[in-house]
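Asker: Just so it is clear, I am handing over upload-v1.cif, which has mmCIF, C-alpha atoms.
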```
data_query
loop_
_atom_site.label_atom_id
_atom_site.label_comp_id
_atom_site.auth_asym_id
_atom_site.auth_seq_id
_atom_site.Cartn_x
_atom_site.Cartn_y
_atom_site.Cartn_z
CA MET Q 122 10.31 -35.07 10.60
CA ASN Q 123 11.19 -31.50 9.45
CA GLY Q 124 11.82 -30.94 5.76
CA ILE Q 125 10.14 -30.48 2.39
CA HIS Q 126 9.20 -33.87 1.01
CA ARG Q 127 6.45 -33.00 -1.45
CA LEU Q 128 5.37 -29.98 -3.49
CA ILE Q 129 2.68 -29.38 -6.08
CA ASP Q 130 3.83 -27.31 -9.08
CA ASN Q 131 1.70 -24.87 -11.12
CA ASN Q 132 0.52 -27.71 -13.36
CA GLY Q 133 -0.75 -29.77 -10.41
CA LYS Q 134 2.09 -32.28 -10.68
CA SER Q 135 3.45 -33.77 -7.46
CA ILE Q 136 7.20 -33.41 -6.88
CA THR Q 137 9.02 -35.66 -4.41
CA ASN Q 138 12.53 -36.06 -5.83
CA LEU Q 139 15.07 -33.93 -3.89
CA LYS Q 140 16.73 -32.56 -7.02
CA HIS Q 141 13.38 -31.65 -8.55
CA LEU Q 142 12.28 -30.01 -5.29
CA GLU Q 143 15.39 -27.81 -5.38
CA GLN Q 144 14.71 -26.91 -9.01
CA GLU Q 145 11.11 -25.97 -8.22
CA VAL Q 146 12.16 -23.71 -5.34
CA LEU Q 147 14.88 -22.02 -7.41
CA LYS Q 148 12.51 -21.55 -10.35
CA PHE Q 149 9.93 -19.85 -8.12
CA TYR Q 150 12.36 -17.47 -6.44
CA LYS Q 151 14.25 -16.66 -9.64
CA GLY Q 152 10.92 -15.53 -11.06
CA LEU Q 153 10.06 -13.55 -7.91
CA ILE Q 154 13.30 -11.82 -6.93
CA GLY Q 155 15.80 -12.94 -9.57
CA THR Q 156 14.16 -11.03 -12.40
CA ALA Q 157 13.73 -7.27 -12.71
CA THR Q 158 10.63 -5.79 -14.34
CA PRO Q 159 11.45 -5.28 -18.06
CA HIS Q 160 9.04 -2.35 -18.50
CA LEU Q 161 9.46 -0.17 -15.43
CA ARG Q 162 7.46 3.04 -15.46
CA HIS Q 163 9.60 6.13 -15.03
CA VAL Q 164 9.58 7.82 -11.64
CA ASP Q 165 7.75 11.16 -11.67
CA ILE Q 166 10.60 13.52 -10.79
CA GLU Q 167 8.35 16.57 -10.50
CA VAL Q 168 6.22 14.87 -7.83
CA LEU Q 169 9.30 14.16 -5.73
CA ARG Q 170 10.78 17.62 -6.15
CA LYS Q 171 7.59 19.28 -4.90
CA GLY Q 172 7.56 17.19 -1.71
CA LYS Q 173 9.74 17.03 1.40
CA HIS Q 174 13.52 16.62 1.17
CA ILE Q 175 16.43 15.88 3.45
CA LYS Q 176 17.62 19.16 4.93
CA GLU Q 177 21.24 20.15 4.53
CA SER Q 178 21.54 20.67 8.30
CA ILE Q 179 20.99 16.97 9.09
CA LYS Q 180 23.02 15.39 6.29
CA HIS Q 181 26.20 15.20 8.34
CA ASP Q 182 24.58 12.96 10.96
CA LEU Q 183 23.72 10.42 8.24
CA ILE Q 184 27.27 10.03 6.96
CA ARG Q 185 29.38 10.45 10.09
CA THR Q 186 32.23 8.00 10.76
CA ILE Q 187 31.07 4.72 12.30
CA THR Q 188 32.23 4.18 15.91
CA GLU Q 189 32.75 1.18 18.17
CA LYS Q 190 29.88 2.42 20.34
CA GLU Q 191 27.54 2.47 17.35
CA VAL Q 192 28.56 -1.06 16.35
CA ARG Q 193 28.13 -2.36 19.90
CA GLU Q 194 24.64 -0.83 20.06
CA ALA Q 195 23.76 -2.49 16.74
CA ILE Q 196 24.92 -5.89 18.07
CA ASN Q 197 23.04 -5.49 21.36
CA SER Q 198 19.83 -4.68 19.46
CA ILE Q 199 19.86 -8.19 17.92
CA GLY Q 200 18.53 -11.07 20.02
CA ASP Q 201 20.90 -13.85 21.09
CA ASN Q 202 18.70 -16.54 19.55
CA LYS Q 203 18.58 -15.08 16.04
CA GLY Q 204 19.68 -17.59 13.41
CA SER Q 205 23.23 -17.45 12.11
CA GLY Q 206 24.16 -17.04 8.47
CA LEU Q 207 26.35 -19.22 6.28
CA ASP Q 208 29.37 -18.66 8.53
CA GLY Q 209 27.58 -20.16 11.57
CA TYR Q 210 28.42 -17.30 13.97
CA ASN Q 211 25.38 -15.96 15.85
CA THR Q 212 24.79 -12.84 17.93
CA LYS Q 213 25.77 -14.54 21.18
CA PHE Q 214 29.26 -15.20 19.83
CA PHE Q 215 29.77 -11.55 18.82
CA LYS Q 216 28.61 -10.32 22.22
CA SER Q 217 30.74 -12.79 24.18
CA ALA Q 218 33.89 -12.36 22.08
CA TRP Q 219 33.59 -8.59 21.57
CA ASN Q 220 36.93 -7.71 23.18
CA ILE Q 221 38.72 -10.27 21.02
CA ILE Q 222 37.06 -9.62 17.64
CA LYS Q 223 36.25 -5.91 17.75
CA GLY Q 224 39.46 -4.90 15.94
CA ASP Q 225 38.89 -7.27 13.02
CA LEU Q 226 35.17 -6.46 12.96
CA MET Q 227 35.77 -2.70 12.79
CA GLU Q 228 38.28 -3.26 9.97
CA ALA Q 229 35.69 -5.30 8.05
CA LEU Q 230 33.10 -2.56 8.56
CA GLN Q 231 35.56 0.05 7.28
CA ASP Q 232 35.58 -1.80 3.94
CA PHE Q 233 31.92 -0.93 3.67
CA PHE Q 234 31.56 2.47 5.32
CA VAL Q 235 34.83 3.98 4.03
CA ARG Q 236 35.68 2.09 0.85
CA ASN Q 237 32.10 1.25 -0.25
CA GLN Q 238 32.98 -2.43 -0.64
CA MET Q 239 31.14 -5.50 0.58
CA PHE Q 240 32.66 -8.97 0.41
CA ALA Q 241 30.38 -11.28 -1.60
CA ALA Q 242 29.99 -13.77 1.27
CA ILE Q 243 28.60 -11.02 3.53
CA GLU Q 244 25.87 -10.20 1.02
CA CYS Q 245 24.61 -13.79 0.80
CA ALA Q 246 21.74 -14.99 3.00
CA LEU Q 247 20.84 -18.58 3.81
CA VAL Q 248 17.07 -19.09 3.47
CA THR Q 249 15.09 -21.77 5.27
CA LEU Q 250 11.53 -22.49 4.13
CA ILE Q 251 9.03 -23.01 6.97
CA PRO Q 252 5.51 -24.38 6.27
CA LYS Q 253 2.77 -21.87 7.07
CA THR Q 254 0.31 -24.72 7.65
CA SER Q 255 0.64 -28.38 8.60
CA ASP Q 256 -0.41 -29.50 5.10
CA ALA Q 257 1.55 -26.97 3.02
CA LYS Q 258 1.90 -28.29 -0.53
CA SER Q 259 2.95 -25.32 -2.68
CA ILE Q 260 5.92 -22.98 -2.46
CA LYS Q 261 3.58 -20.06 -1.72
CA GLU Q 262 2.61 -21.88 1.49
CA LEU Q 263 6.23 -21.94 2.69
CA TRP Q 264 7.51 -19.00 4.74
CA PRO Q 265 11.07 -17.93 3.76
CA ILE Q 266 13.28 -17.17 6.78
CA ALA Q 267 16.53 -15.52 5.66
CA CYS Q 268 19.56 -15.77 7.93
CA CYS Q 269 22.29 -13.24 7.16
CA ILE Q 270 25.87 -13.06 8.33
CA MET Q 271 26.20 -10.85 11.41
CA VAL Q 272 28.34 -8.25 9.63
CA TYR Q 273 25.44 -7.59 7.24
CA LYS Q 274 23.01 -7.33 10.16
CA ILE Q 275 25.26 -4.79 11.88
CA ILE Q 276 25.42 -2.70 8.70
CA SER Q 277 21.64 -2.91 8.23
CA ASN Q 278 20.88 -1.98 11.84
CA THR Q 279 23.35 0.92 11.75
CA LEU Q 280 21.78 2.33 8.58
CA ALA Q 281 18.28 1.82 10.03
CA LYS Q 282 19.14 3.75 13.18
CA ARG Q 283 20.49 6.66 11.17
CA LEU Q 284 17.55 6.68 8.76
CA SER Q 285 14.99 6.54 11.57
CA LYS Q 286 16.26 9.90 12.85
CA VAL Q 287 15.51 11.68 9.58
CA ILE Q 288 12.75 9.71 7.86
CA ASN Q 289 10.00 11.96 9.19
CA GLU Q 290 11.64 14.71 7.16
CA VAL Q 291 10.66 13.03 3.88
CA VAL Q 292 7.64 10.79 4.57
CA GLU Q 293 4.22 12.46 4.51
CA SER Q 294 1.52 12.00 7.14
CA SER Q 295 -0.44 9.16 5.50
CA GLN Q 296 2.07 6.56 6.76
CA TYR Q 297 2.46 5.77 10.45
CA ALA Q 298 3.96 2.28 10.83
CA PHE Q 299 7.69 1.92 11.65
CA LEU Q 300 8.15 5.69 11.90
CA PRO Q 301 9.41 7.44 15.04
CA ARG Q 302 6.86 9.47 16.99
CA ARG Q 303 4.00 8.06 14.92
CA VAL Q 304 1.53 5.44 16.11
CA ILE Q 305 -0.28 3.12 13.66
CA HIS Q 306 -3.36 3.17 15.90
CA ASP Q 307 -4.01 6.75 14.74
CA ASN Q 308 -4.67 5.45 11.22
CA ILE Q 309 -6.88 2.67 12.60
CA PHE Q 310 -9.03 5.19 14.48
CA MET Q 311 -9.20 7.44 11.41
CA ALA Q 312 -10.29 4.57 9.16
CA HIS Q 313 -12.99 3.62 11.68
CA GLU Q 314 -14.34 7.18 11.75
CA LEU Q 315 -14.33 7.53 7.96
CA LEU Q 316 -16.19 4.25 7.49
CA LYS Q 317 -18.90 5.07 10.00
CA GLY Q 318 -22.32 5.69 8.47
CA TYR Q 319 -21.77 3.85 5.18
CA SER Q 320 -24.93 1.81 5.77
CA ARG Q 321 -27.16 4.83 6.36
CA LYS Q 322 -29.75 5.80 3.81
CA HIS Q 323 -29.49 8.98 1.75
CA VAL Q 324 -25.77 9.56 2.41
CA SER Q 325 -23.72 11.15 -0.35
CA PRO Q 326 -21.94 8.71 -2.72
CA ARG Q 327 -18.64 7.61 -1.23
CA CYS Q 328 -16.21 4.75 -1.66
CA ALA Q 329 -13.41 3.07 0.25
CA ILE Q 330 -11.13 0.42 -1.24
CA GLN Q 331 -8.77 -1.68 0.85
CA MET Q 332 -5.67 -2.78 -1.05
CA ASP Q 333 -3.08 -5.32 0.01
CA ILE Q 334 0.27 -5.32 -1.79
CA GLN Q 335 1.13 -8.96 -2.36
CA LYS Q 336 4.78 -9.86 -1.67
CA ALA Q 337 5.28 -6.19 -0.88
CA TYR Q 338 9.02 -6.08 -0.18
CA ASP Q 339 9.78 -8.37 -3.12
CA THR Q 340 8.08 -6.01 -5.58
CA VAL Q 341 10.31 -2.99 -4.87
CA GLU Q 342 12.40 -2.30 -7.97
CA VAL Q 343 15.96 -1.20 -7.23
CA PRO Q 344 16.17 1.42 -10.04
CA ALA Q 345 12.98 3.07 -8.74
CA LEU Q 346 14.30 3.14 -5.16
CA ASN Q 347 17.58 4.52 -6.51
CA CYS Q 348 15.82 7.41 -8.22
CA ILE Q 349 13.54 8.19 -5.26
CA LEU Q 350 16.39 8.34 -2.74
CA TRP Q 351 18.45 10.55 -5.02
CA GLU Q 352 15.62 13.02 -5.61
CA LEU Q 353 14.89 13.18 -1.86
CA ASN Q 354 18.38 14.67 -1.49
CA PHE Q 355 19.99 11.87 0.51
CA PRO Q 356 23.76 12.39 0.83
CA LYS Q 357 25.76 10.44 -1.73
CA LYS Q 358 27.56 8.38 0.92
CA ILE Q 359 24.43 6.94 2.54
CA PHE Q 360 22.84 6.68 -0.89
CA ASP Q 361 25.75 4.46 -1.98
CA TRP Q 362 25.60 2.42 1.26
CA ILE Q 363 21.89 1.71 0.83
CA MET Q 364 22.21 0.80 -2.84
CA ILE Q 365 25.07 -1.62 -2.12
CA CYS Q 366 22.91 -3.34 0.52
CA VAL Q 367 19.89 -3.76 -1.77
CA SER Q 368 21.45 -4.22 -5.21
CA THR Q 369 24.17 -6.82 -4.57
CA VAL Q 370 22.14 -9.32 -2.53
CA SER Q 371 22.23 -13.05 -3.16
CA PHE Q 372 20.46 -16.04 -1.60
CA ARG Q 373 21.02 -19.76 -1.09
CA TYR Q 374 18.21 -22.04 0.04
CA LEU Q 375 18.44 -24.82 2.61
CA ILE Q 376 16.28 -27.74 1.48
CA ASN Q 377 16.32 -30.96 3.47
CA GLY Q 378 19.85 -30.28 4.69
CA GLN Q 379 21.21 -29.44 1.23
CA ILE Q 380 22.24 -25.89 0.24
CA THR Q 381 21.27 -24.81 -3.28
CA GLU Q 382 23.20 -22.69 -5.76
CA TYR Q 383 23.19 -18.88 -5.53
CA ILE Q 384 20.34 -16.66 -6.70
CA ASN Q 385 21.29 -13.04 -7.35
CA ALA Q 386 18.40 -10.76 -6.39
CA ARG Q 387 17.39 -8.28 -9.10
CA CYS Q 388 14.58 -6.65 -7.15
CA GLY Q 389 13.08 -6.50 -3.68
CA LEU Q 390 14.13 -5.73 -0.13
CA ARG Q 391 15.28 -8.25 2.45
CA GLN Q 392 12.62 -9.33 4.90
CA ARG Q 393 13.11 -8.91 8.66
CA TYR Q 394 15.96 -6.41 8.51
CA LEU Q 395 15.53 -3.07 10.23
CA VAL Q 396 16.46 -0.93 7.26
CA SER Q 397 13.98 -2.63 4.88
CA PRO Q 398 10.72 -1.28 6.44
CA LEU Q 399 12.09 2.26 6.34
CA LEU Q 400 13.03 1.97 2.66
CA PHE Q 401 9.63 0.45 1.91
CA MET Q 402 7.93 3.38 3.67
CA ILE Q 403 9.86 5.78 1.42
CA VAL Q 404 8.62 3.93 -1.69
CA MET Q 405 5.04 3.88 -0.39
CA ASP Q 406 5.28 7.59 0.30
CA TYR Q 407 6.07 8.12 -3.37
CA LEU Q 408 2.74 6.43 -4.14
CA HIS Q 409 1.07 8.83 -1.70
CA LYS Q 410 2.63 11.81 -3.48
CA CYS Q 411 1.44 10.48 -6.85
CA LEU Q 412 -2.13 10.15 -5.57
CA GLN Q 413 -2.02 13.67 -4.16
CA LYS Q 414 -1.67 14.92 -7.75
CA LEU Q 415 -5.37 14.13 -8.09
CA ASN Q 416 -6.05 17.20 -5.93
CA HIS Q 417 -5.56 19.33 -9.04
CA GLN Q 418 -7.76 17.25 -11.33
CA PRO Q 419 -11.18 18.90 -11.86
CA ASN Q 420 -12.95 15.54 -12.26
CA PHE Q 421 -11.67 14.11 -8.99
CA ASN Q 422 -13.75 14.51 -5.84
CA TYR Q 423 -12.71 13.73 -2.30
CA HIS Q 424 -14.54 11.41 0.03
CA PRO Q 425 -17.09 13.73 1.73
CA ARG Q 426 -15.30 13.47 5.07
CA CYS Q 427 -11.77 13.85 3.64
CA GLU Q 428 -12.01 17.11 1.73
CA LYS Q 429 -10.90 19.34 4.61
CA LEU Q 430 -8.00 16.99 5.36
CA LYS Q 431 -7.03 16.76 1.67
CA LYS Q 432 -6.51 13.04 2.29
CA ILE Q 433 -6.95 10.28 -0.28
CA LYS Q 434 -5.34 7.27 1.40
CA ILE Q 435 -4.09 6.00 4.73
CA SER Q 436 -1.46 3.28 4.96
CA PHE Q 437 -0.82 0.29 7.22
CA VAL Q 438 2.65 -0.91 6.17
CA ASP Q 439 1.95 -3.03 3.04
CA ASP Q 440 -1.77 -2.38 2.71
CA MET Q 441 -3.83 0.78 2.45
CA ILE Q 442 -7.35 2.16 2.33
CA VAL Q 443 -8.17 4.63 -0.43
CA PHE Q 444 -11.08 7.04 0.12
CA TYR Q 445 -12.88 9.07 -2.56
CA ARG Q 446 -16.32 10.19 -3.66
CA GLY Q 447 -18.26 7.42 -5.40
CA ASP Q 448 -18.55 8.95 -8.88
CA TYR Q 449 -17.30 7.84 -12.29
CA GLY Q 450 -14.78 10.64 -12.77
CA SER Q 451 -13.03 9.99 -9.45
CA VAL Q 452 -12.91 6.23 -9.99
CA LYS Q 453 -11.50 6.60 -13.50
CA LEU Q 454 -8.71 8.97 -12.42
CA LEU Q 455 -7.81 6.86 -9.41
CA MET Q 456 -7.58 3.61 -11.36
CA LYS Q 457 -5.48 5.33 -14.02
CA GLU Q 458 -2.99 6.47 -11.38
CA PHE Q 459 -2.74 3.01 -9.80
CA HIS Q 460 -2.30 1.38 -13.20
CA GLY Q 461 0.55 3.75 -14.00
CA PHE Q 462 2.24 3.14 -10.65
CA SER Q 463 2.22 -0.64 -11.13
#
```
Could you express the structure from this file as structure tokens?
Answerer:
Amino acid sequence: MNGIHRLIDNNGKSITNLKHLEQEVLKFYKGLIGTATPHLRHVDIEVLRKGKHIKESIKHDLIRTITEKEVREAINSIGDNKGSGLDGYNTKFFKSAWNIIKGDLMEALQDFFVRNQMFAAIECALVTLIPKTSDAKSIKELWPIACCIMVYKIISNTLAKRLSKVINEVVESSQYAFLPRRVIHDNIFMAHELLKGYSRKHVSPRCAIQMDIQKAYDTVEVPALNCILWELNFPKKIFDWIMICVSTVSFRYLINGQITEYINARCGLRQRYLVSPLLFMIVMDYLHKCLQKLNHQPNFNYHPRCEKLKKIKISFVDDMIVFYRGDYGSVKLLMKEFHGFS
């Protein structure tokens, strides 16, 4: 039988009561996405201003008036079997009833794209928790599947399509996943080449560290994203659209057929929505720019095979490999930069 019938809390106590199960789930997610970091490090404005920016010539394409054709393309890009949100209307309904609902739908979208307003019910996602394993006992072993209302999906997909056309203008070459005209296999081949020969004797000191960002999307702080987008010279309209989508999000959780109270998200990006990977890539690129500052530090030395490329890290979505020479000065500077970023 599907459902969550037993969880183990942080103290090792078994929870079976439905009300207590709900409380445990809400407690976990309030701590994860319902609380913003109280001591957020400032964003290095100078680093952003020295990097790539959105060109004035392409700004208009980002903020042009939304059309029926654009909305229809956004709907067609979503599979018929995708789960419906709290309103119960799935993609198949929107496709089948297009000629009937398109007028009302376009009016609803105008509230967002023209008046910068989003009805609270549109922002709320219904989350179902799916066990990652057959014997899942803790909340961390449950996979959250968020089902949004179709209007939100249309907005997200529309913004993603527009961003994908310009994101290469601001994201540096260390990141390849989710970006147009870039293939993640290039980074895989590069990592393989850089790691070759580590076991040989008498090679120069070198080091490679693989890092995985745990709960990557959930750790993105909205004020930091706000500052990064603004300094990258995004037009105010699309800046406002993005910030509405990420800063006014709320969630309700479906547990054994019962829907919990609302949780207002204070940080993080929504999983499985097309605009989220692109925003995450922009944040990760800021990390890349911060690491590139080490180029000007006299005590930092490149990995022997990276000096000509001036490359310190390569990224694979939410994990990365950092390369540098294996000496104390380089390690100290690198760890200091990562500590400051976190």
Asker: Evaluated on this file, the PyMOL selection byres ((chain Q and resi 189) around 12) picks out some residues - which ones are they, written as a list in words?
Answerer: Thr186, Ile187, Thr188, Lys190, Glu191, Val192, Arg193, Glu194, Ala195, Ile196, Trp219, Asn220, Ile222, Lys223, Gly224, Asp225, Leu226, Met227, Glu228, Leu230, Gln231, Ile275 and Thr279 of chain Q
Asker: Return as a tab-separated table the residues of stretch 140-170 of chain Q lying at most 10 Å from stretch 401-420 of chain Q, together with the closest atom-to-atom pair for each and the distance in Å to one decimal, counting only C-alpha atoms, with rows in chain order and ascending residue number.
Answerer:
```
residue	atom	partner	partner_atom	distance
Q:Val164	CA	Q:Tyr407	CA	9.0
Q:Asp165	CA	Q:Cys411	CA	8.0
Q:Glu167	CA	Q:Cys411	CA	9.9
Q:Val168	CA	Q:Lys410	CA	6.4
Q:Leu169	CA	Q:Tyr407	CA	7.2
```
Asker: Name the closest residue to Q:Ile154 among the candidates Q:Arg387, Q:Arg446, Q:Lys453, Q:Arg321; distances are taken between atoms, counting all atoms listed in the file.
Answerer: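 Of the candidates, the smallest distance to Q:Ile154 is held by Q:Arg387.
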Asker: Name the residues that the PyMOL selection byres ((chain Q and resi 292) around 8) pulls out of this structure, and write them as a compact mmCIF listing (two decimals) with C-alpha atoms, in the frame of the given file.
Answerer:
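Printed below is expr-v7.txt as written:
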```txt
# COMPACT_ATOMS: atom_id res chain seq x y z
CA LYS Q 173 9.74 17.03 1.40
CA ILE Q 288 12.75 9.71 7.86
CA ASN Q 289 10.00 11.96 9.19
CA GLU Q 290 11.64 14.71 7.16
CA VAL Q 291 10.66 13.03 3.88
CA GLU Q 293 4.22 12.46 4.51
CA SER Q 294 1.52 12.00 7.14
CA GLN Q 296 2.07 6.56 6.76
CA MET Q 402 7.93 3.38 3.67
CA ILE Q 403 9.86 5.78 1.42
CA ASP Q 406 5.28 7.59 0.30
```
Asker: Which is closest to Q:Leu247 among Q:Phe310, Q:Phe355, Q:Tyr383, Q:Phe149, if we use only C-alpha atoms?
Answerer: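 Of Q:Phe310, Q:Phe355, Q:Tyr383, Q:Phe149, the one nearest Q:Leu247 is Q:Tyr383, counting only C-alpha atoms.
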Asker: Please measure the separation of atom CA of Q:Ile276 and atom CA of Q:Phe233, giving the value in Å to one decimal.
Answerer: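 Answer for the atom CA of Q:Ile276 to atom CA of Q:Phe233 separation: 8.4 Å.
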Asker: By how many Å are atom CA of Q:Ser320 and atom CA of Q:Met456 apart?
Answerer: 24.4 Å
Asker: Give me the residues within 10 Å of Q:Tyr210 as a VMD selection string, counting all atoms listed in the file and dropping any in the same chain fewer than 5 places off.
Answerer: chain Q and resid 204 to 205 215 270 to 271
Asker: One decimal, Å: what's the distance from atom CA of Q:Thr254 over to atom CA of Q:Gly209, could you say?
Answerer: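 According to the coordinates, atom CA of Q:Thr254 and atom CA of Q:Gly209 are separated by 27.9 Å.
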Asker: Selection in question (the file shown): the PyMOL selection byres ((chain Q and resi 367) around 9). Which residues does it include, as a PyMOL selection string?
Answerer: chain Q and resi 343+362-366+368-370+386-391+397
Asker: For each of Q:Lys261, Q:Lys357, Q:Arg373, Q:His174, take the minimum atom-to-atom distance to Q:Cys245, counting all atoms listed in the file, then give the residue where this is smallest.
Answerer: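 Of the candidates, the smallest distance to Q:Cys245 is held by Q:Arg373.
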Asker: Ranking Q:Val287, Q:Ile175, Q:Ala246, Q:Ile309 by minimum distance to Q:Ile384 and counting all atoms listed in the file, which one comes first?
Answerer: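 Among the listed residues, Q:Ala246 lies closest to Q:Ile384.
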Asker: For Q:Asn377, which residue among Q:Lys432, Q:Asp232, Q:Trp264, Q:Leu139 is the nearest when counting all atoms listed in the file?
Answerer: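 Checking each of Q:Lys432, Q:Asp232, Q:Trp264, Q:Leu139 against Q:Asn377, counting all atoms listed in the file, the winner is Q:Leu139.
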